[in-house]
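Worksheet: one structure, shown below.
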Amino acid sequence: MLRRRKWMFAVLAVLPTLAIFAWVRLYPIAEMFNLSLRDWDLLSPRRPFIGLENFIDLFDDRLFIAALINTTIIALGVAIITIPSAIVIAALIHSRAGSKLAPFYETAIFVPHVVSLVPAALAWKWIFDSELGPLNAFLGVFGIDPVAWLHNPTLAVLCVIVLCSWQALGYAVIIYLVGFKNLPVSLYEAARLDGASARQSFWFITVPLLKPITLYVSVVILISGFNVYAQPFVLASDTQGSPSHLVRVLVYDMIENSFSNFRIGYASAEAVILLSIVMIITVIQFSILRDRSGR
């Protein structure tokens, strides 16, 4: 009887939080799925059911395909640049753990992650400026002609990747530093006795032991990459703030279809696609972790 009362008390205590979570999180997701199957212009009270027509139209829309490709390239590019760089930087900082400058290094590398997105993007927009940017000024020292970084679709995507990598690097380094501090010292001592070099210890001990952290960091970075919006919006906009379509991404395409074209059902279908991508990445993460824990 006492156990049942405790169980009932726990349920009643958690119920308000669960109700708020369901209203704030689960209901909007359910409504998004519902709207993705309808044709709604945001103003009309009628929401006719059209089935999968929005999803069929999506893959005939060149703007959506371009946004999906750009978003995927950005997400993968940021992961490819950030993860190896973070491991190396974290290893260097960890090797100087006893130094008085170690906290400074950790703070300096983490600051870009907490800087507001818009000011950071504006600063990088100035860096990439084709006329007044310091990057072209630096290249000019070597006799390289100015490059229109933000006026070429390929280069503009590269600029977004650089900006996003710069912002994500600090978070990844801090997570890896936590992993480095928990690595067993005995393995390195045994490897040293066996004649292993520092490079061999890094590749055959450090990297394998950090695989769970690498998996976690990669999933976080990929999910953030697929939700990127502010960086390409600011970088690829003209002086009046009107965004160009050089770096069209999924979130921007959703916002434009929702509030400029008033195609709420169509934008909801895009949101379903984005949510599906994020869920697939998450499922892969848990599957790999489950396989590792089962060994």
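A note on labels: chains of the structure tokens are A, B, ... as shown, every chain counts residues from 1, and ligands are counted from 1 in their shown order.
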
(request) Do a neighbour search on range 212-214 of chain A at 9 Å with only C-alpha atoms, toss out local chain neighbours closer than 2 positions, and write the hits as a count of residues only. (result) 17

(message) With only C-alpha atoms as the counted atoms, please give the residues lying no more than 12 Å from Asn34 in chain A, apart from itself and same-chain residues fewer than 6 positions off, as a count of residues only.
(response) 18

(request) Have a look at A:Leu18, A:Val162, A:Leu43, A:Leu169 and name the one nearest to Phe110 in chain A; count only C-alpha atoms. (result) A:Leu169

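Proximity ranking of A:Ser44, A:Thr72, A:Asp145, A:His113 relative to Phe262 in chain A places A:Ser44 first, based on only C-alpha atoms.
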
(message) What's the separation between CA of Asn227 in chain A and CA of Val283 in chain A, in Å to one decimal place?
(response)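 Distance between the two atoms: 17.5 Å.
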
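CA of Val147 in chain A to CA of Leu246 in chain A spans 15.7 Å [interatomic distance, one decimal].
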
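Each of A:Leu215, A:Asp39, A:Cys164, A:Tyr188 was compared to Phe286 in chain A using only C-alpha atoms, and A:Leu215 turns out to be the nearest.
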
(message) Neighbouring residues of range 116-123 of chain A were defined as those with any atom within 7 Å, considering only C-alpha atoms; residues of the same chain fewer than 3 positions away were excluded. Please report them as a ChimeraX atom specification.
(response) /A:126-127,230-231,234-235

(message) Under the rule that only C-alpha atoms are counted, which of A:Ala30, A:Ala168, A:Leu275, A:Leu158 is the nearest residue to Val114 in chain A?
(response)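 Among the listed residues, the smallest separation from Val114 in chain A belongs to A:Ala168.
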
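The closest residue to Trp124 in chain A, picked from A:Met8, A:Val160, A:Ile284, A:Ile69 and counting only C-alpha atoms, is A:Val160.
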
(request) To one decimal in Å, tell me the separation between CA of Ala196 in chain A and CA of Ile93 in chain A. (result)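 Interatomic distance, CA of Ala196 in chain A to CA of Ile93 in chain A: 21.5 Å.
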